[in-house]
>>> print(open('target-v4.cif').read())   # mmCIF, C-alpha atoms and all ligand atoms
data_target
loop_
_atom_site.label_atom_id
_atom_site.label_comp_id
_atom_site.auth_asym_id
_atom_site.auth_seq_id
_atom_site.Cartn_x
_atom_site.Cartn_y
_atom_site.Cartn_z
CA MET A 1 6.04 -76.43 -14.61
CA ARG A 2 5.14 -73.87 -17.27
CA LYS A 3 6.03 -70.27 -16.47
CA LYS A 4 3.34 -67.65 -15.82
CA VAL A 5 3.47 -64.68 -18.15
CA ILE A 6 1.56 -61.48 -17.45
CA ALA A 7 1.80 -58.98 -20.29
CA GLY A 8 0.30 -55.53 -20.74
CA ASN A 9 -0.49 -54.27 -24.23
CA TRP A 10 -0.72 -50.49 -24.16
CA LYS A 11 -1.80 -50.36 -27.81
CA MET A 12 -1.71 -46.69 -28.96
CA PHE A 13 -1.92 -45.17 -25.49
CA LYS A 14 0.57 -43.15 -23.38
CA THR A 15 3.16 -40.54 -24.21
CA GLN A 16 6.69 -40.91 -22.82
CA ALA A 17 5.84 -38.65 -19.88
CA GLU A 18 2.74 -40.72 -19.11
CA SER A 19 4.71 -43.97 -19.33
CA GLU A 20 7.26 -42.67 -16.82
CA ASP A 21 4.44 -41.61 -14.47
CA PHE A 22 2.96 -45.10 -14.73
CA LEU A 23 6.23 -46.69 -13.62
CA LYS A 24 6.38 -44.51 -10.52
CA GLY A 25 3.19 -46.15 -9.28
CA PHE A 26 3.73 -49.58 -10.77
CA LEU A 27 7.27 -50.64 -9.86
CA PRO A 28 6.92 -50.19 -6.07
CA ALA A 29 3.80 -52.39 -6.18
CA LEU A 30 5.88 -55.29 -7.52
CA GLU A 31 8.15 -55.55 -4.51
CA ASP A 32 6.24 -58.54 -3.11
CA THR A 33 5.31 -60.18 -6.41
CA PRO A 34 5.79 -63.95 -6.03
CA SER A 35 8.74 -65.37 -7.94
CA GLY A 36 8.23 -67.30 -11.18
CA ARG A 37 6.06 -64.64 -12.84
CA GLU A 38 7.24 -62.98 -16.03
CA VAL A 39 5.95 -59.41 -16.34
CA ILE A 40 6.06 -57.69 -19.73
CA LEU A 41 4.99 -54.24 -20.92
CA CYS A 42 4.33 -54.02 -24.68
CA VAL A 43 4.30 -50.31 -25.35
CA PRO A 44 4.25 -47.86 -28.27
CA PHE A 45 7.62 -47.48 -30.06
CA THR A 46 8.10 -43.95 -28.70
CA ASP A 47 7.86 -45.21 -25.09
CA LEU A 48 10.41 -48.00 -25.47
CA ASN A 49 13.51 -45.91 -24.82
CA ALA A 50 12.07 -44.14 -21.79
CA LEU A 51 10.97 -47.43 -20.24
CA SER A 52 14.22 -49.16 -21.13
CA ARG A 53 16.12 -46.52 -19.11
CA ASN A 54 13.84 -46.97 -16.10
CA LEU A 55 13.35 -50.73 -15.89
CA HIS A 56 16.85 -51.84 -14.92
CA GLY A 57 16.85 -54.20 -11.98
CA SER A 58 13.05 -54.52 -12.01
CA LEU A 59 10.94 -57.57 -12.72
CA VAL A 60 9.49 -55.95 -15.82
CA GLN A 61 10.64 -56.85 -19.34
CA LEU A 62 10.11 -54.71 -22.37
CA GLY A 63 7.97 -55.67 -25.36
CA ALA A 64 6.97 -54.08 -28.67
CA GLN A 65 3.71 -54.47 -30.61
CA ASN A 66 5.04 -55.23 -34.08
CA VAL A 67 8.23 -56.08 -35.99
CA HIS A 68 9.03 -56.29 -39.70
CA TRP A 69 10.56 -59.38 -41.29
CA GLU A 70 13.30 -57.58 -43.23
CA THR A 71 16.43 -56.32 -41.51
CA GLN A 72 16.20 -52.89 -43.17
CA GLY A 73 14.81 -51.23 -46.27
CA ALA A 74 12.17 -48.96 -47.74
CA TYR A 75 9.30 -50.02 -45.46
CA THR A 76 7.76 -46.77 -44.26
CA GLY A 77 6.16 -47.08 -40.85
CA GLU A 78 7.76 -50.42 -39.96
CA ILE A 79 10.52 -51.33 -37.49
CA SER A 80 13.24 -54.00 -37.54
CA ALA A 81 14.09 -56.56 -34.89
CA GLU A 82 17.59 -55.14 -34.51
CA MET A 83 16.18 -51.67 -33.79
CA LEU A 84 14.14 -53.21 -30.99
CA THR A 85 16.79 -55.44 -29.43
CA GLU A 86 19.35 -52.61 -29.47
CA ILE A 87 17.29 -50.73 -26.89
CA GLY A 88 16.54 -53.72 -24.69
CA VAL A 89 13.28 -55.07 -26.11
CA ARG A 90 12.91 -58.83 -25.51
CA TYR A 91 9.32 -59.59 -26.54
CA VAL A 92 7.06 -58.62 -29.41
CA ILE A 93 3.32 -59.09 -29.99
CA ILE A 94 2.65 -60.52 -33.45
CA GLY A 95 -0.67 -61.08 -35.19
CA HIS A 96 -2.86 -59.15 -32.75
CA SER A 97 -6.44 -59.08 -34.08
CA GLU A 98 -6.24 -55.29 -34.43
CA ARG A 99 -3.26 -55.72 -36.79
CA ARG A 100 -5.14 -58.43 -38.70
CA GLN A 101 -8.35 -56.36 -38.86
CA PHE A 102 -7.07 -52.83 -39.54
CA PHE A 103 -3.64 -53.24 -41.14
CA GLY A 104 -3.94 -56.18 -43.50
CA GLU A 105 -1.96 -58.65 -41.41
CA THR A 106 -2.37 -62.19 -42.77
CA ASP A 107 -1.25 -65.59 -41.50
CA GLU A 108 1.55 -65.43 -44.09
CA THR A 109 2.91 -62.08 -42.84
CA VAL A 110 2.43 -63.21 -39.24
CA ASN A 111 4.62 -66.23 -40.00
CA LEU A 112 7.31 -64.01 -41.58
CA ARG A 113 7.30 -61.68 -38.57
CA LEU A 114 7.51 -64.62 -36.13
CA LYS A 115 10.55 -66.01 -37.97
CA ALA A 116 12.32 -62.64 -38.03
CA ALA A 117 11.63 -62.06 -34.33
CA GLN A 118 13.03 -65.44 -33.31
CA LYS A 119 16.02 -65.18 -35.62
CA ASN A 120 16.98 -61.94 -33.91
CA GLY A 121 16.56 -63.12 -30.34
CA LEU A 122 13.09 -61.73 -29.61
CA THR A 123 10.39 -63.89 -28.03
CA PRO A 124 7.15 -63.49 -29.98
CA ILE A 125 3.71 -63.38 -28.38
CA LEU A 126 1.51 -64.78 -31.13
CA CYS A 127 -2.18 -63.80 -30.90
CA VAL A 128 -4.99 -65.95 -32.29
CA GLY A 129 -8.74 -65.85 -31.75
CA GLU A 130 -12.17 -65.99 -33.33
CA THR A 131 -14.80 -63.32 -34.06
CA LYS A 132 -18.27 -63.42 -32.52
CA GLN A 133 -19.68 -64.52 -35.85
CA GLN A 134 -17.20 -67.42 -36.09
CA ARG A 135 -17.97 -68.47 -32.51
CA ASP A 136 -21.73 -68.37 -33.10
CA ALA A 137 -21.27 -70.46 -36.25
CA GLY A 138 -19.40 -73.11 -34.24
CA GLU A 139 -16.15 -72.40 -36.08
CA THR A 140 -13.91 -71.52 -33.12
CA GLU A 141 -11.88 -74.73 -33.00
CA THR A 142 -11.40 -74.96 -36.78
CA LEU A 143 -10.43 -71.32 -37.11
CA ILE A 144 -7.89 -71.39 -34.30
CA SER A 145 -6.43 -74.65 -35.45
CA MET A 146 -6.02 -73.17 -38.94
CA GLN A 147 -4.40 -70.01 -37.59
CA LEU A 148 -1.91 -72.07 -35.56
CA ASN A 149 -1.16 -74.33 -38.52
CA LYS A 150 -0.37 -71.44 -40.83
CA ASP A 151 1.30 -69.10 -38.36
CA LEU A 152 3.63 -71.71 -36.86
CA VAL A 153 5.17 -73.16 -40.03
CA ASP A 154 8.91 -73.60 -39.27
CA ILE A 155 8.62 -71.73 -35.96
CA ASN A 156 10.76 -72.76 -32.99
CA GLN A 157 8.28 -73.62 -30.24
CA SER A 158 10.84 -73.34 -27.47
CA ASN A 159 11.01 -69.55 -27.83
CA LEU A 160 7.35 -68.68 -28.13
CA ILE A 161 4.33 -67.44 -26.19
CA ILE A 162 0.80 -67.73 -27.57
CA ALA A 163 -2.22 -65.65 -26.55
CA TYR A 164 -5.78 -66.85 -27.08
CA GLU A 165 -7.80 -63.68 -27.58
CA PRO A 166 -11.44 -64.16 -28.59
CA ILE A 167 -12.00 -60.99 -30.61
CA TRP A 168 -15.50 -60.48 -29.22
CA ALA A 169 -14.03 -60.24 -25.70
CA ILE A 170 -11.45 -57.55 -26.50
CA GLY A 171 -12.24 -54.18 -24.97
CA THR A 172 -15.91 -55.10 -24.63
CA GLY A 173 -16.10 -55.97 -20.94
CA GLU A 174 -17.43 -59.35 -22.07
CA THR A 175 -14.93 -61.93 -20.77
CA CYS A 176 -14.89 -65.40 -22.24
CA GLU A 177 -16.15 -67.75 -19.54
CA THR A 178 -13.01 -68.97 -17.77
CA LYS A 179 -13.77 -72.67 -18.20
CA GLU A 180 -14.38 -72.12 -21.92
CA ALA A 181 -11.09 -70.22 -22.29
CA ASN A 182 -9.40 -73.08 -20.44
CA ARG A 183 -11.00 -75.60 -22.81
CA VAL A 184 -9.95 -73.77 -25.98
CA ILE A 185 -6.42 -73.27 -24.66
CA GLY A 186 -6.22 -76.99 -23.83
CA LEU A 187 -7.17 -77.78 -27.43
CA MET A 188 -4.55 -75.36 -28.71
CA ARG A 189 -1.91 -77.00 -26.54
CA SER A 190 -2.78 -80.43 -27.90
CA GLN A 191 -1.96 -79.14 -31.37
CA LEU A 192 1.52 -77.88 -30.47
CA LYS A 193 4.76 -79.81 -30.92
CA ASN A 194 5.92 -78.39 -27.60
CA PRO A 195 3.19 -78.63 -24.94
CA ASP A 196 5.22 -76.37 -22.62
CA VAL A 197 4.62 -73.23 -24.70
CA PRO A 198 3.01 -70.71 -22.31
CA ILE A 199 -0.51 -69.91 -23.52
CA GLN A 200 -2.19 -66.74 -22.25
CA TYR A 201 -5.80 -65.62 -22.24
CA GLY A 202 -6.65 -62.08 -23.39
CA GLY A 203 -9.93 -60.17 -23.52
CA SER A 204 -11.38 -57.90 -20.81
CA VAL A 205 -9.02 -59.18 -18.11
CA LYS A 206 -9.51 -57.08 -14.98
CA PRO A 207 -8.54 -57.09 -11.29
CA SER A 208 -11.99 -58.56 -10.58
CA ASN A 209 -11.57 -61.66 -12.77
CA ILE A 210 -7.82 -62.32 -12.74
CA ASP A 211 -7.80 -64.74 -9.80
CA GLU A 212 -10.44 -66.94 -11.41
CA ILE A 213 -8.67 -66.86 -14.77
CA MET A 214 -5.29 -67.80 -13.31
CA ALA A 215 -6.87 -70.65 -11.33
CA GLN A 216 -7.55 -72.49 -14.61
CA PRO A 217 -5.00 -75.24 -15.19
CA GLU A 218 -4.39 -74.62 -18.92
CA ILE A 219 -4.07 -70.82 -18.66
CA ASP A 220 -0.46 -69.71 -18.17
CA GLY A 221 -0.96 -65.99 -18.05
CA VAL A 222 -2.84 -63.06 -19.51
CA LEU A 223 -2.45 -60.42 -22.21
CA VAL A 224 -4.10 -57.29 -20.86
CA GLY A 225 -5.20 -54.19 -22.77
CA GLY A 226 -7.29 -51.55 -20.98
CA ALA A 227 -6.58 -52.72 -17.43
CA SER A 228 -2.81 -52.49 -17.99
CA LEU A 229 -2.98 -48.72 -18.45
CA GLU A 230 -3.47 -47.91 -14.76
CA ALA A 231 -0.62 -48.80 -12.40
CA ASP A 232 -2.89 -49.97 -9.56
CA SER A 233 -5.04 -52.15 -11.73
CA PHE A 234 -2.15 -53.78 -13.60
CA ALA A 235 -0.25 -54.33 -10.35
CA ARG A 236 -3.28 -56.15 -8.91
CA ILE A 237 -3.37 -58.35 -12.02
CA VAL A 238 0.36 -59.13 -11.79
CA ASN A 239 -0.05 -59.90 -8.08
CA TYR A 240 -2.98 -62.29 -8.65
CA GLN A 241 -3.78 -64.64 -5.79
CA ASN A 242 -3.33 -68.37 -6.11
O1 LIG A 301 -3.88 -57.32 -26.26
C1 LIG A 301 -4.81 -57.19 -25.44
C2 LIG A 301 -6.16 -57.47 -25.82
O2 LIG A 301 -6.51 -56.87 -27.01
C3 LIG A 301 -7.17 -57.32 -24.72
O3 LIG A 301 -7.61 -55.99 -24.57
P1 LIG A 301 -8.61 -55.66 -23.35
O4 LIG A 301 -7.93 -56.20 -22.11
O5 LIG A 301 -8.70 -54.16 -23.35
O6 LIG A 301 -9.88 -56.36 -23.63
#
>>> encode(input="target-v4.cif", output="structure tokens")
Amino acid sequence: MRKKVIAGNWKMFKTQAESEDFLKGFLPALEDTPSGREVILCVPFTDLNALSRNLHGSLVQLGAQNVHWETQGAYTGEISAEMLTEIGVRYVIIGHSERRQFFGETDETVNLRLKAAQKNGLTPILCVGETKQQRDAGETETLISMQLNKDLVDINQSNLIIAYEPIWAIGTGETCETKEANRVIGLMRSQLKNPDVPIQYGGSVKPSNIDEIMAQPEIDGVLVGGASLEADSFARIVNYQN
């Protein structure tokens, strides 16, 4: 059976003090979380150390939101895999649509980052997804298939998580219909060499829709933005009912 992976993406939210406050409410709420669920917090670089110190013995694993492909060098504003693993980071989001849209990320650089992450013992969470315009033009399947083809060249599919994030559903409150998300994720799976890669859904996941999302057979977890910022709401998502 494929594992269930619930990840929060804090994007550019929360100072260290705020991240420590979050944990005070969040960790106690995980005491009865059913086994077999992987819980990950992908936080800003400045929060990683504080969380790393406070997560020992908990269910929660630490994730970053970007990693560079070189081991070191003159790359202002970037971070290396070794810098992340040294402080206990195990996962890293790569190719999020906000990186592709605002910071010039391409399928080629996504592929380089994926390789570097895996080579250094990190598990990447690769994000793919279509814009509203692409969906309306009937291009969803082609676009996602192309992203997977390019991003996954020479990538080890036994150390990988993928997130299907329709861009039009991110931060908009407009969730992709769960059966449609299930359908697209099923198509993605059929394109993989390893059908056991966990594939998450992301885009306006909330306490009110998590149970329905996780009831879909192809959906192995969620990548949560806004609703992962409040301890109560993220705990409810992690503790989804099935
Ligand atoms: O990485 C998370 C996604 O961008 C989803 O964000 P959202 O849950 O705020 O829609």
>>> residues_around(input="target-v4.cif", residues="Asp107 of chain A", least_positions_apart="4", cutoff="8 Å", atoms="all atoms listed in the file", output="number ranges by chain")
A: 95, 111, 147, 150-151
>>> closest_residue(input="target-v4.cif", among="A:Ala181, A:Val92, A:Ile170, A:Leu30", to="His68 of chain A", atoms="only C-alpha atoms")
A:Val92
>>> residues_near_ligand(input="target-v4.cif", ligand="ligand LIG 301 (chain A)", cutoff="8 Å", atoms="only C-alpha atoms and all ligand atoms", output="ChimeraX atom specification")
/A:8-11,96-98,165,167,169-173,202-206,223-228
>>> write_last_selection(input="target-v4.cif", atoms="C-alpha atoms", output="PDB file, in the frame of the given file")
ATOM      1  CA  GLY A   8       0.300 -55.530 -20.740  1.00  0.00           C
ATOM      2  CA  ASN A   9      -0.490 -54.270 -24.230  1.00  0.00           C
ATOM      3  CA  TRP A  10      -0.720 -50.490 -24.160  1.00  0.00           C
ATOM      4  CA  LYS A  11      -1.800 -50.360 -27.810  1.00  0.00           C
ATOM      5  CA  HIS A  96      -2.860 -59.150 -32.750  1.00  0.00           C
ATOM      6  CA  SER A  97      -6.440 -59.080 -34.080  1.00  0.00           C
ATOM      7  CA  GLU A  98      -6.240 -55.290 -34.430  1.00  0.00           C
ATOM      8  CA  GLU A 165      -7.800 -63.680 -27.580  1.00  0.00           C
ATOM      9  CA  ILE A 167     -12.000 -60.990 -30.610  1.00  0.00           C
ATOM     10  CA  ALA A 169     -14.030 -60.240 -25.700  1.00  0.00           C
ATOM     11  CA  ILE A 170     -11.450 -57.550 -26.500  1.00  0.00           C
ATOM     12  CA  GLY A 171     -12.240 -54.180 -24.970  1.00  0.00           C
ATOM     13  CA  THR A 172     -15.910 -55.100 -24.630  1.00  0.00           C
ATOM     14  CA  GLY A 173     -16.100 -55.970 -20.940  1.00  0.00           C
ATOM     15  CA  GLY A 202      -6.650 -62.080 -23.390  1.00  0.00           C
ATOM     16  CA  GLY A 203      -9.930 -60.170 -23.520  1.00  0.00           C
ATOM     17  CA  SER A 204     -11.380 -57.900 -20.810  1.00  0.00           C
ATOM     18  CA  VAL A 205      -9.020 -59.180 -18.110  1.00  0.00           C
ATOM     19  CA  LYS A 206      -9.510 -57.080 -14.980  1.00  0.00           C
ATOM     20  CA  LEU A 223      -2.450 -60.420 -22.210  1.00  0.00           C
ATOM     21  CA  VAL A 224      -4.100 -57.290 -20.860  1.00  0.00           C
ATOM     22  CA  GLY A 225      -5.200 -54.190 -22.770  1.00  0.00           C
ATOM     23  CA  GLY A 226      -7.290 -51.550 -20.980  1.00  0.00           C
ATOM     24  CA  ALA A 227      -6.580 -52.720 -17.430  1.00  0.00           C
ATOM     25  CA  SER A 228      -2.810 -52.490 -17.990  1.00  0.00           C
TER      26      SER A 228
END
>>> atom_distance(input="target-v4.cif", atom1="atom CA of Ile144 of chain A", atom2="atom CA of Leu187 of chain A")
9.4 Å
>>> residues_around(input="target-v4.cif", residues="segment 44-53 of chain A", least_positions_apart="2", cutoff="9 Å", atoms="only C-alpha atoms", output="PyMOL selection string")
chain A and resi 9-17+19-20+23+42+55-56+61-65+79+84+87-89
>>> atom_distance(input="target-v4.cif", atom1="atom CA of Tyr164 of chain A", atom2="atom CA of Gly129 of chain A")
5.6 Å
>>> closest_residue(input="target-v4.cif", among="A:Ala74, A:Ala29, A:Ile94, A:Glu130", to="Ile237 of chain A", atoms="all atoms listed in the file")
A:Ala29
>>> closest_residue(input="target-v4.cif", among="A:Ile199, A:Met83, A:Ile6, A:Met188", to="Ile161 of chain A", atoms="all atoms listed in the file")
A:Ile199
>>> atom_distance(input="target-v4.cif", atom1="atom CA of Ala81 of chain A", atom2="atom CA of Leu148 of chain A")
22.3 Å
>>> closest_residue(input="target-v4.cif", among="A:Val5, A:Asp21, A:Lys119, A:Phe234", to="Ala163 of chain A", atoms="only C-alpha atoms")
A:Val5
>>> residues_near_point(input="target-v4.cif", point="(5.7, -73.9, -33.5)", cutoff="12 Å", atoms="all atoms listed in the file", output="ChimeraX atom specification")
/A:111,114-115,118,124-126,147-162,188-189,191-198
>>> closest_residue(input="target-v4.cif", among="A:Thr76, A:Ala235, A:Asp136, A:Glu230", to="Phe22 of chain A", atoms="all atoms listed in the file")
A:Glu230
>>> residues_around(input="target-v4.cif", residues="Thr140 of chain A", least_positions_apart="5", cutoff="10 Å", atoms="all atoms listed in the file", output="list of chain:residue names")
A:Gly129, A:Glu130, A:Thr131, A:Lys132, A:Gln133, A:Gln134, A:Arg135, A:Ser145, A:Met146, A:Pro166, A:Val184
>>> residues_near_point(input="target-v4.cif", point="(7.8, -61.2, -16.7)", cutoff="9 Å", atoms="all atoms listed in the file", output="list of chain:residue names")
A:Lys4, A:Val5, A:Ile6, A:Ala7, A:Gly36, A:Arg37, A:Glu38, A:Val39, A:Ile40, A:Leu41, A:Leu59, A:Val60, A:Gln61, A:Leu62
>>> residues_around(input="target-v4.cif", residues="Arg236 of chain A", least_positions_apart="2", cutoff="9 Å", atoms="all atoms listed in the file", output="compact mmCIF listing (two decimals) with C-alpha atoms, keeping the file's coordinate frame")
# COMPACT_ATOMS: atom_id res chain seq x y z
CA ALA A 29 3.80 -52.39 -6.18
CA LYS A 206 -9.51 -57.08 -14.98
CA PRO A 207 -8.54 -57.09 -11.29
CA ILE A 210 -7.82 -62.32 -12.74
CA ALA A 231 -0.62 -48.80 -12.40
CA ASP A 232 -2.89 -49.97 -9.56
CA SER A 233 -5.04 -52.15 -11.73
CA PHE A 234 -2.15 -53.78 -13.60
CA VAL A 238 0.36 -59.13 -11.79
CA ASN A 239 -0.05 -59.90 -8.08
CA TYR A 240 -2.98 -62.29 -8.65
>>> build_atoms(input="target-v4.cif", residues="segment 76-87 of chain A", atoms="N, CA and C atoms", output="CSV table (one decimal), in the coordinates of the input")
chain,number,residue,atom,x,y,z
A,76,THR,N,8.2,-47.9,-45.1
A,76,THR,CA,7.8,-46.8,-44.3
A,76,THR,C,6.8,-47.2,-43.2
A,77,GLY,N,7.1,-46.8,-42.0
A,77,GLY,CA,6.2,-47.1,-40.8
A,77,GLY,C,6.5,-48.4,-40.1
A,78,GLU,N,7.4,-49.1,-40.6
A,78,GLU,CA,7.8,-50.4,-40.0
A,78,GLU,C,9.0,-50.3,-39.1
A,79,ILE,N,9.3,-51.4,-38.4
A,79,ILE,CA,10.5,-51.3,-37.5
A,79,ILE,C,11.2,-52.7,-37.5
A,80,SER,N,12.5,-52.7,-37.4
A,80,SER,CA,13.2,-54.0,-37.5
A,80,SER,C,13.5,-54.6,-36.2
A,81,ALA,N,13.8,-55.9,-36.2
A,81,ALA,CA,14.1,-56.6,-34.9
A,81,ALA,C,15.3,-56.0,-34.2
A,82,GLU,N,16.3,-55.7,-35.1
A,82,GLU,CA,17.6,-55.1,-34.5
A,82,GLU,C,17.4,-53.8,-33.8
A,83,MET,N,16.5,-53.0,-34.4
A,83,MET,CA,16.2,-51.7,-33.8
A,83,MET,C,15.6,-51.9,-32.4
A,84,LEU,N,14.8,-52.9,-32.3
A,84,LEU,CA,14.1,-53.2,-31.0
A,84,LEU,C,15.1,-53.8,-30.0
A,85,THR,N,15.9,-54.8,-30.4
A,85,THR,CA,16.8,-55.4,-29.4
A,85,THR,C,17.9,-54.5,-29.0
A,86,GLU,N,18.3,-53.6,-29.8
A,86,GLU,CA,19.4,-52.6,-29.5
A,86,GLU,C,19.0,-51.8,-28.2
A,87,ILE,N,17.7,-51.5,-28.0
A,87,ILE,CA,17.3,-50.7,-26.9
A,87,ILE,C,16.7,-51.6,-25.8
